Amino acid sequence: MKIYAKDIMVTDFETIESNAPAEKAIQMILHGRTRETGDKTSSLMVHDNVKMFVGIITMADILYHLRPDFLNYGISGEEVDWTGQFELALKQIKGKTVNEIMSSNIVGASADEHLMVILDRMVKNKYQRLPVLKNGRLIGVVYISDVYYHLFS
């Protein structure tokens, strides 16, 4: 079976500029599109001001940064008085930019990589999406749900 990234990658994906407000990313994901597979947008591909790919912002990234910083220091949160904490955290995350909360150490793929190589990379690393790059520019995205859909439908 000769199937490559270019055969299954999505070329109509949502993007956002790295210096955009986090609030814009939150709203774009909240009101994102639904792909042919039935999967709804849960991430945005991030580019800089000259359209070079620089990272991905996901629901998980946003939710991680919504948590108060003290939870990163081994405090369980069970003994905390949470009164007003959520509102404060929400205000703080909305004041950030995309590049402050995105994942930037991203592994990509090339359009001519075989599907099994991509699948192996995604499964081993628990990636839900893999950007397809050409000369540092994003040309497509391979979603694990689309790989599954393509292989089994």
# chains A, B, ... in the order shown; residues from 1 in each chain; ligands from 1
>>> residues_around(residues="region 102-111 of chain A", least_positions_apart="6", cutoff="10 Å", atoms="only C-alpha atoms", output="ChimeraX atom specification")
/A:4-9,18,22,43-46,53-62,65,117-118,121-122,125,127,129-136,138-142
>>> write_last_selection(atoms="C-alpha atoms", output="PDB file, in the first residue's frame")
ATOM      1  CA  TYR A   4       1.931   9.134   1.827  1.00  0.00           C
ATOM      2  CA  ALA A   5       1.320  12.170   4.023  1.00  0.00           C
ATOM      3  CA  LYS A   6       0.306  14.162   0.956  1.00  0.00           C
ATOM      4  CA  ASP A   7      -2.479  11.630   0.260  1.00  0.00           C
ATOM      5  CA  ILE A   8      -4.229  12.023   3.607  1.00  0.00           C
ATOM      6  CA  MET A   9      -3.119  15.381   4.993  1.00  0.00           C
ATOM      7  CA  SER A  18       1.899  33.646  17.294  1.00  0.00           C
ATOM      8  CA  ALA A  22      -4.842  33.789  23.705  1.00  0.00           C
ATOM      9  CA  SER A  43      -5.925  22.822  17.953  1.00  0.00           C
ATOM     10  CA  LEU A  44      -4.609  25.628  15.796  1.00  0.00           C
ATOM     11  CA  MET A  45      -1.424  25.666  13.764  1.00  0.00           C
ATOM     12  CA  VAL A  46       0.665  28.692  14.735  1.00  0.00           C
ATOM     13  CA  PHE A  53       5.355  27.477  11.176  1.00  0.00           C
ATOM     14  CA  VAL A  54       6.316  27.987  14.840  1.00  0.00           C
ATOM     15  CA  GLY A  55       4.063  25.712  16.869  1.00  0.00           C
ATOM     16  CA  ILE A  56       0.661  24.374  17.797  1.00  0.00           C
ATOM     17  CA  ILE A  57      -1.822  25.550  20.395  1.00  0.00           C
ATOM     18  CA  THR A  58      -4.215  22.892  21.645  1.00  0.00           C
ATOM     19  CA  MET A  59      -7.085  22.697  24.099  1.00  0.00           C
ATOM     20  CA  ALA A  60      -4.692  20.897  26.433  1.00  0.00           C
ATOM     21  CA  ASP A  61      -2.157  23.752  26.217  1.00  0.00           C
ATOM     22  CA  ILE A  62      -4.857  26.263  27.097  1.00  0.00           C
ATOM     23  CA  HIS A  65      -2.007  27.270  31.448  1.00  0.00           C
ATOM     24  CA  VAL A 117       6.315   5.912   9.126  1.00  0.00           C
ATOM     25  CA  ILE A 118       3.990   8.730  10.143  1.00  0.00           C
ATOM     26  CA  ARG A 121       5.829   8.334  14.916  1.00  0.00           C
ATOM     27  CA  MET A 122       2.367   9.402  16.014  1.00  0.00           C
ATOM     28  CA  ASN A 125       4.844   9.668  20.797  1.00  0.00           C
ATOM     29  CA  TYR A 127       0.742  12.720  18.858  1.00  0.00           C
ATOM     30  CA  ARG A 129      -1.639  15.691  14.882  1.00  0.00           C
ATOM     31  CA  LEU A 130       1.505  16.044  12.822  1.00  0.00           C
ATOM     32  CA  PRO A 131       2.246  19.159  10.788  1.00  0.00           C
ATOM     33  CA  VAL A 132       3.434  18.543   7.232  1.00  0.00           C
ATOM     34  CA  LEU A 133       6.147  21.032   6.384  1.00  0.00           C
ATOM     35  CA  LYS A 134       7.965  22.212   3.289  1.00  0.00           C
ATOM     36  CA  ASN A 135      10.857  24.647   3.773  1.00  0.00           C
ATOM     37  CA  GLY A 136       9.546  25.576   7.235  1.00  0.00           C
ATOM     38  CA  LEU A 138       2.987  24.424   6.888  1.00  0.00           C
ATOM     39  CA  ILE A 139       1.379  22.729   3.878  1.00  0.00           C
ATOM     40  CA  GLY A 140      -0.867  20.256   5.670  1.00  0.00           C
ATOM     41  CA  VAL A 141      -1.736  18.429   8.861  1.00  0.00           C
ATOM     42  CA  VAL A 142      -2.088  14.698   9.420  1.00  0.00           C
TER      43      VAL A 142
END
>>> residues_around(residues="region 87-90 of chain A", least_positions_apart="6", cutoff="8 Å", atoms="only C-alpha atoms", output="PyMOL selection string")
chain A and resi 66-68
>>> residues_around(residues="Gly32 (chain A)", least_positions_apart="5", cutoff="12 Å", atoms="only C-alpha atoms", output="PyMOL selection string")
chain A and resi 13-15+24-27+38-44+58-59
>>> closest_residue(among="A:Gly84, A:Lys94, A:Arg137, A:Arg33", to="Val50 (chain A)", atoms="only C-alpha atoms")
A:Arg137
>>> residues_around(residues="Asn49 (chain A)", least_positions_apart="2", cutoff="8 Å", atoms="only C-alpha atoms", output="JSON, numbers by chain")
{"A": [17, 18, 47, 51, 52]}
